[in-house]
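Undergrad: Would you mind keeping the following structure in view while I ask a few things?
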Amino acid sequence: MSHGPRIVDAAQMDLPAGSLWRRLPLFSAIAAIVGIGASFAMRAGDEKQFYFSWLVAFLYFMSLGLGALLFVLIQYATKTGWGIVVRRLAENTAAGLIVMVLAFIPVYIGLDKMYAWTDEAHLDEIVRGKMWFLGAENYIVFGVLYFAVWIFLAWWFRAGSVKQDLTGDHDLTRRRIVVAGPAIVLVALTLTFASFHWAMSLDPHWYSTIFGVYYFAGSFVCVFAFLSLVVLGLRRAGALEGFVTVEHRHDLGKLLFAFVVFWAYIGFSQFFLIWYANIPEETEWYLERMHHGWQPVTIFLAVGHFGLPFLYLMSRHIKRNKLTLGLGAAWMLFMHFVDLHWVVMPAHHGKEFGVTLLDVTTMLGVGGLFLTAFGFCLTRAKLVPAKDPRLIESITFENF
Amino acid sequence: MGLPLPMVPQLPEGKAFGLLARFKDAPAIHAACEKVRDAGYTKWDSHTPFPVHGLDRAMGLKASRLPWIVLTTGLSGAAGGMLLQYWVSVHAYALVISGKPLFSWPAFVPVTFELGVLFGALGAVFGMFALNRLPMLFHPLFSANSFAAATDDGFFISIESWDPKYDETATAALLREAGAIEVEVVNNE
């Protein structure tokens with residue numbers, strides 16, 4: 001406010017001509033074809049590994065899209081000022097959910113390779129009592145329901161925002177503020193039950209009521225790391241100058257830091273209650289992960305997903321510097337993969353930790369698919385909501 | 001007879017405390033702070049009814065030392081909490097509870113975390129008091145006529161007379177030139 005008027009160039013709201021970002025959909029589509037092709041080529045060699053690797057990649061990019069969707073919803077519900085300049089990027093990320101329904105198909109096909117409860121003839125009494133929620137029919141019916149909710153919300157919120165770029169109609173914002181509150185409840189519930197279906201039921205005896213929150217915490221770490229990198233990349237490409245400033249990067253860094261801590265808080269809460277109560281059907285999940293080959297991974301996760309980034313991201317200078325924020329964000333994207341690998345893979349590998357080439361190719365393939373949709377949306381609209389009523393507030397935002 | 005330390009400011013001897021200049025609004029004081037900073041003054045301060053964005057930079061203030069105090073007290077609290085529980089559970093009252101080892105560190109994490117937060121918060125509050133030399137029950141600026149407006153609608157810059165660059169006439173002229181609507185000399189008592 002005290003600096004007098006600041007001039008921003010409206011052309012900065014578009015990707016510069018000839019920028020590599022414009023080819024992101026193409027490059028991503030190639031990555032998707034190569035990754036998915038290679039994965040399917042290796043499927044015959046180790047079918048079970050293929051499905052488990054695919055599930056990790058699926059959960060990874062679902063968490064990115066869901067985190068972005070919730071970030072958009074929260075911005076509307078709270079009438080956020082600062083974040084308007086990064087909201088369109090989150091909307092584009094959430095739009096990735098629309099194509100993720102394709103990545104869900106192999107998950108469903110591979111059900112009986114991954115989930116012990118598919119072998120209905122040999123279930124014990126505990127798992128039989130859970131079959132009203134589990135089971136292949138529920139899996140697909142609930143799966144379609146989850147995707148219907150997420151795809152509709154991701155599409156509707158982005159479509160209205162893009163329409164406002166042309167019309168400047170403030171009613172579009174008002175309607176979304178009204179819908180955002182109930183939508184958050186809906187996404188929170190669907191995300192929770194989806195995480196139960198997709199990840200927690202890999203070990204059908206085990207249960208943790210906080211598991212959905214744990215998946216959500218990881219998804220927010222993932223989305224703020226992703227948005228930080230996208231913002232840095234776009235600024236490097238010569239876009240968003242004057243729109244996304246050091247203040248917004250600082251805020252993305254603060255949110256990343258906050259959810260690194262939140263993830264640890266939730267992860268420890270989950271562990272702590274199970275450790276304290278010491279009930280065999282609950283502790284087996286952690287026993288698997290705290291002995292033999294998984295023990296170093298568990299320690300690496302605690303240190304790499306919480307200890308080190310907690311100390312690293314604490315400093316204001318780290319979050320306001322482009323290079324150090326970028327390094328922190330890239331590291332957290334990697335650690336989020338380690339986290340999901342650690343959640344899913346013991347159900348397949350048992351006692352031994354292992355990484356295979358399929359883990360890499362499925363990430364490349366599913367990630368390529370996700371980024372194709374993200375890139376497609378990125379290149380077909382302004383990079384910021386050009387006529388949002390709070391855009392000026394966001395541009396001039398400053399941290400104390 | 002004065003109040004005990006640190007309830008009153010310990011200021012150098014001198015007839016005048018310095019100059020107090022009033023400005024119209026936040027942009028005016030922002031611009032004026034930049035001028036005073038660039039003129040090379042070091043012993044001065046600004047007083048506004050609400051926080052003004054970017055005023056710390058306009059004044060050329062260095063980053064606060066408070067975060068380091070908070071980090072130190074917070075980590076001490078966390079370490080103290082863990083050590084206390086270790087000493088109690090392993091040495092002072094070595095009881096086996098639900099068949100777990102004496103040093104069951106997961107059980108100690110909540111208290112460790114809470115003590116880290118508590119000591120960090122206490123460090124922040126009392127560190128801030130110490131750095132601001134609070135509580136301070138009296139300050140020469142309070143004797144200035146218009147200074148009460150600093151909590152209402154007044155934007156002030158005070159420059160202290162023991163600043164090496166201080167000269168009552170020249171400094172007052174600088175403040176007027178920087179846009180002051182009123183400049184007064186404040187007594188040092």
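By order in the structure tokens, chains are A, B, ...; within a chain, residues start at 1; ligands start at 1, following the order shown.
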Would you mind listing what lies within 10 Å of Ala150 (chain B) as a list in words, with only C-alpha atoms counted and same-chain residues fewer than 2 positions away left out?

TA: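 The residues that qualify are Arg22, Ser46, His47, Thr48, Pro49, Phe50, Ser146, Phe147, Ala148, Asp152, Asp153, Gly154, Phe155 and Phe156 of chain B.
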
Undergrad: Taking the chain letters and numbering used in this document, name the residues of region 22-138 of chain B that DSSP puts in strand (DSSP E or B), as number ranges by chain.

TA: B: 22-23, 44-47

Undergrad: Create the file for the chosen residues now, containing all heavy atoms and written as a short mmCIF file (atom, residue, chain, number, x, y, z; two decimals), in the first residue's frame.

TA:
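Okay, again35.cif is ready:
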data_model
loop_
_atom_site.label_atom_id
_atom_site.label_comp_id
_atom_site.auth_asym_id
_atom_site.auth_seq_id
_atom_site.Cartn_x
_atom_site.Cartn_y
_atom_site.Cartn_z
N ARG B 22 5.17 14.71 13.33
CA ARG B 22 3.91 14.03 13.02
C ARG B 22 3.67 14.06 11.51
O ARG B 22 3.96 15.04 10.84
CB ARG B 22 2.76 14.74 13.73
CG ARG B 22 1.44 14.05 13.49
CD ARG B 22 0.35 14.64 14.38
NE ARG B 22 -0.89 13.92 14.15
CZ ARG B 22 -1.96 14.01 14.91
NH1 ARG B 22 -1.94 14.79 15.97
NH2 ARG B 22 -3.06 13.32 14.64
N PHE B 23 3.14 12.94 10.99
CA PHE B 23 2.86 12.84 9.55
C PHE B 23 1.39 12.54 9.33
O PHE B 23 0.69 12.06 10.22
CB PHE B 23 3.73 11.75 8.91
CG PHE B 23 5.19 12.10 8.96
CD1 PHE B 23 5.96 11.80 10.08
CD2 PHE B 23 5.80 12.77 7.91
CE1 PHE B 23 7.29 12.15 10.15
CE2 PHE B 23 7.14 13.12 7.96
CZ PHE B 23 7.89 12.80 9.09
N TRP B 44 16.61 6.33 16.21
CA TRP B 44 15.30 6.94 15.96
C TRP B 44 14.27 5.83 15.86
O TRP B 44 14.61 4.66 15.84
CB TRP B 44 15.33 7.77 14.67
CG TRP B 44 15.64 6.97 13.43
CD1 TRP B 44 16.84 6.40 13.11
CD2 TRP B 44 14.74 6.64 12.38
NE1 TRP B 44 16.75 5.75 11.91
CE2 TRP B 44 15.48 5.89 11.43
CE3 TRP B 44 13.40 6.93 12.11
CZ2 TRP B 44 14.90 5.40 10.26
CZ3 TRP B 44 12.85 6.45 10.94
CH2 TRP B 44 13.60 5.69 10.02
N ASP B 45 13.01 6.22 15.85
CA ASP B 45 11.96 5.21 15.82
C ASP B 45 10.71 5.81 15.18
O ASP B 45 10.60 7.03 15.02
CB ASP B 45 11.63 4.76 17.26
CG ASP B 45 11.08 3.34 17.28
OD1 ASP B 45 10.77 2.80 16.19
OD2 ASP B 45 10.94 2.79 18.38
N SER B 46 9.80 4.92 14.77
CA SER B 46 8.52 5.40 14.24
C SER B 46 7.40 4.83 15.10
O SER B 46 7.55 3.76 15.69
CB SER B 46 8.35 4.96 12.78
OG SER B 46 8.36 3.56 12.70
N HIS B 47 6.29 5.56 15.17
CA HIS B 47 5.16 5.17 16.03
C HIS B 47 3.89 5.33 15.23
O HIS B 47 3.57 6.43 14.78
CB HIS B 47 5.11 6.06 17.28
CG HIS B 47 6.47 6.29 17.89
ND1 HIS B 47 7.00 5.51 18.87
CD2 HIS B 47 7.43 7.22 17.62
CE1 HIS B 47 8.20 5.92 19.20
NE2 HIS B 47 8.49 6.97 18.45
#

Undergrad: Identify, on the basis of only C-alpha atoms, every residue whose closest approach to region 51-55 of chain A does not exceed 7 Å; exclude the query and any residue fewer than 4 positions from it along the same chain; express the result as number ranges by chain.

TA: A: 47, 59, 107, 110, 114, 345, 358-359, 362

Undergrad: Just need the residues of chain A within 10 Å of chain B, counting only C-alpha atoms, so spit them out as a list in words.

TA: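 Putting it all together, I get Met1, Ser2, His3, Gly4, Tyr265, Phe268, Ser269, Phe271, Phe272, Leu273, Trp275, Tyr276, Ala277, Asn278, Met314, Ser315, Arg316, Phe397, Glu398, Asn399 and Phe400 of chain A.
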
Undergrad: Which is closest to Arg57 (chain B) among B:Ala79, B:Leu102, B:Cys33, B:Val111, if we use only C-alpha atoms?

TA: B:Cys33

Undergrad: Near Cys222 (chain A), counting only C-alpha atoms, which residues have an atom at most 12 Å away, once you skip same-chain residues fewer than 2 positions from it, shown as a PyMOL selection string?

TA: chain A and resi 59-68+71+90+93+215-220+224-229+252-253+255-257+259-260+263+305+328-340

Undergrad: Can you list, as a VMD selection string, every protein, DNA or RNA residue that comes within 8 Å of Val384 (chain A) when you count only C-alpha atoms, leaving out same-chain residues fewer than 2 positions away?

TA: chain A and resid 13 84 to 89 382 386

Undergrad: Could you pull out the residues in region 108-264 of chain A that DSSP calls helix (DSSP H, G or I) from the backbone, as a PyMOL selection string?

TA: chain A and resi 108-109+111-114+116-118+120-122+125-128+136-167+170-198+200-202+211-236+246-264

Undergrad: Give me the residues near Glu114 (chain B) as a PDB file with N, CA, C and O atoms, in the first residue's frame, where near means some atom within 9 Å (using only C-alpha atoms) and where sequence neighbours in that chain fewer than 6 positions away do not count.

TA:
ATOM      1  N   GLY B  77      13.213 -26.699  25.735  1.00  0.00           N
ATOM      2  CA  GLY B  77      12.009 -27.250  26.342  1.00  0.00           C
ATOM      3  C   GLY B  77      11.793 -28.688  25.924  1.00  0.00           C
ATOM      4  O   GLY B  77      11.510 -29.560  26.755  1.00  0.00           O
ATOM      5  N   ALA B  78      11.938 -28.945  24.608  1.00  0.00           N
ATOM      6  CA  ALA B  78      11.733 -30.301  24.101  1.00  0.00           C
ATOM      7  C   ALA B  78      12.771 -31.249  24.696  1.00  0.00           C
ATOM      8  O   ALA B  78      12.430 -32.338  25.192  1.00  0.00           O
ATOM      9  N   GLY B  81      12.038 -31.828  28.348  1.00  0.00           N
ATOM     10  CA  GLY B  81      10.888 -32.713  28.538  1.00  0.00           C
ATOM     11  C   GLY B  81      11.263 -34.162  28.355  1.00  0.00           C
ATOM     12  O   GLY B  81      10.883 -35.038  29.150  1.00  0.00           O
TER      13      GLY B  81
END

Undergrad: Pick the closest to Leu118 (chain B) from B:Leu175, B:Val70, B:Val183, B:Ile97: which is it, counting only C-alpha atoms?

TA: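 Among B:Leu175, B:Val70, B:Val183, B:Ile97, it is B:Val70 that comes nearest to Leu118 (chain B).
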
Undergrad: Name all residues at most 9 Å from region 158-160 of chain A (count only C-alpha atoms; drop same-chain ones fewer than 6 positions away) and give them as a VMD selection string.

TA: chain A and resid 88 91 to 92 94 to 95 172 to 173 176

Undergrad: For the residues in that selection, give me N, CA, C and O atoms as an mmCIF file, in the first residue's frame.

TA:
data_model
loop_
_atom_site.group_PDB
_atom_site.id
_atom_site.type_symbol
_atom_site.label_atom_id
_atom_site.label_comp_id
_atom_site.auth_asym_id
_atom_site.auth_seq_id
_atom_site.Cartn_x
_atom_site.Cartn_y
_atom_site.Cartn_z
ATOM 1 N N ARG A 88 -5.622 -20.452 -10.148
ATOM 2 C CA ARG A 88 -5.840 -21.062 -11.452
ATOM 3 C C ARG A 88 -4.911 -22.269 -11.644
ATOM 4 O O ARG A 88 -5.316 -23.295 -12.206
ATOM 5 N N GLU A 91 -6.484 -25.006 -9.869
ATOM 6 C CA GLU A 91 -7.653 -25.483 -10.619
ATOM 7 C C GLU A 91 -7.204 -26.418 -11.753
ATOM 8 O O GLU A 91 -7.821 -27.455 -12.006
ATOM 9 N N ASN A 92 -6.116 -26.026 -12.425
ATOM 10 C CA ASN A 92 -5.599 -26.875 -13.500
ATOM 11 C C ASN A 92 -5.095 -28.209 -12.959
ATOM 12 O O ASN A 92 -5.250 -29.251 -13.600
ATOM 13 N N ALA A 94 -6.213 -29.703 -10.233
ATOM 14 C CA ALA A 94 -7.394 -30.497 -9.867
ATOM 15 C C ALA A 94 -8.025 -31.122 -11.114
ATOM 16 O O ALA A 94 -8.593 -32.212 -11.052
ATOM 17 N N ALA A 95 -7.920 -30.421 -12.251
ATOM 18 C CA ALA A 95 -8.501 -30.952 -13.486
ATOM 19 C C ALA A 95 -7.828 -32.260 -13.898
ATOM 20 O O ALA A 95 -8.395 -33.039 -14.670
ATOM 21 N N LEU A 172 -20.424 -15.414 -10.352
ATOM 22 C CA LEU A 172 -19.720 -16.699 -10.482
ATOM 23 C C LEU A 172 -18.941 -16.989 -9.202
ATOM 24 O O LEU A 172 -18.930 -18.114 -8.707
ATOM 25 N N THR A 173 -18.280 -15.958 -8.670
ATOM 26 C CA THR A 173 -17.540 -16.130 -7.418
ATOM 27 C C THR A 173 -18.493 -16.390 -6.261
ATOM 28 O O THR A 173 -18.268 -17.296 -5.461
ATOM 29 N N ARG A 176 -19.818 -19.899 -6.122
ATOM 30 C CA ARG A 176 -18.801 -20.864 -5.718
ATOM 31 C C ARG A 176 -18.478 -20.778 -4.227
ATOM 32 O O ARG A 176 -18.130 -21.775 -3.602
#
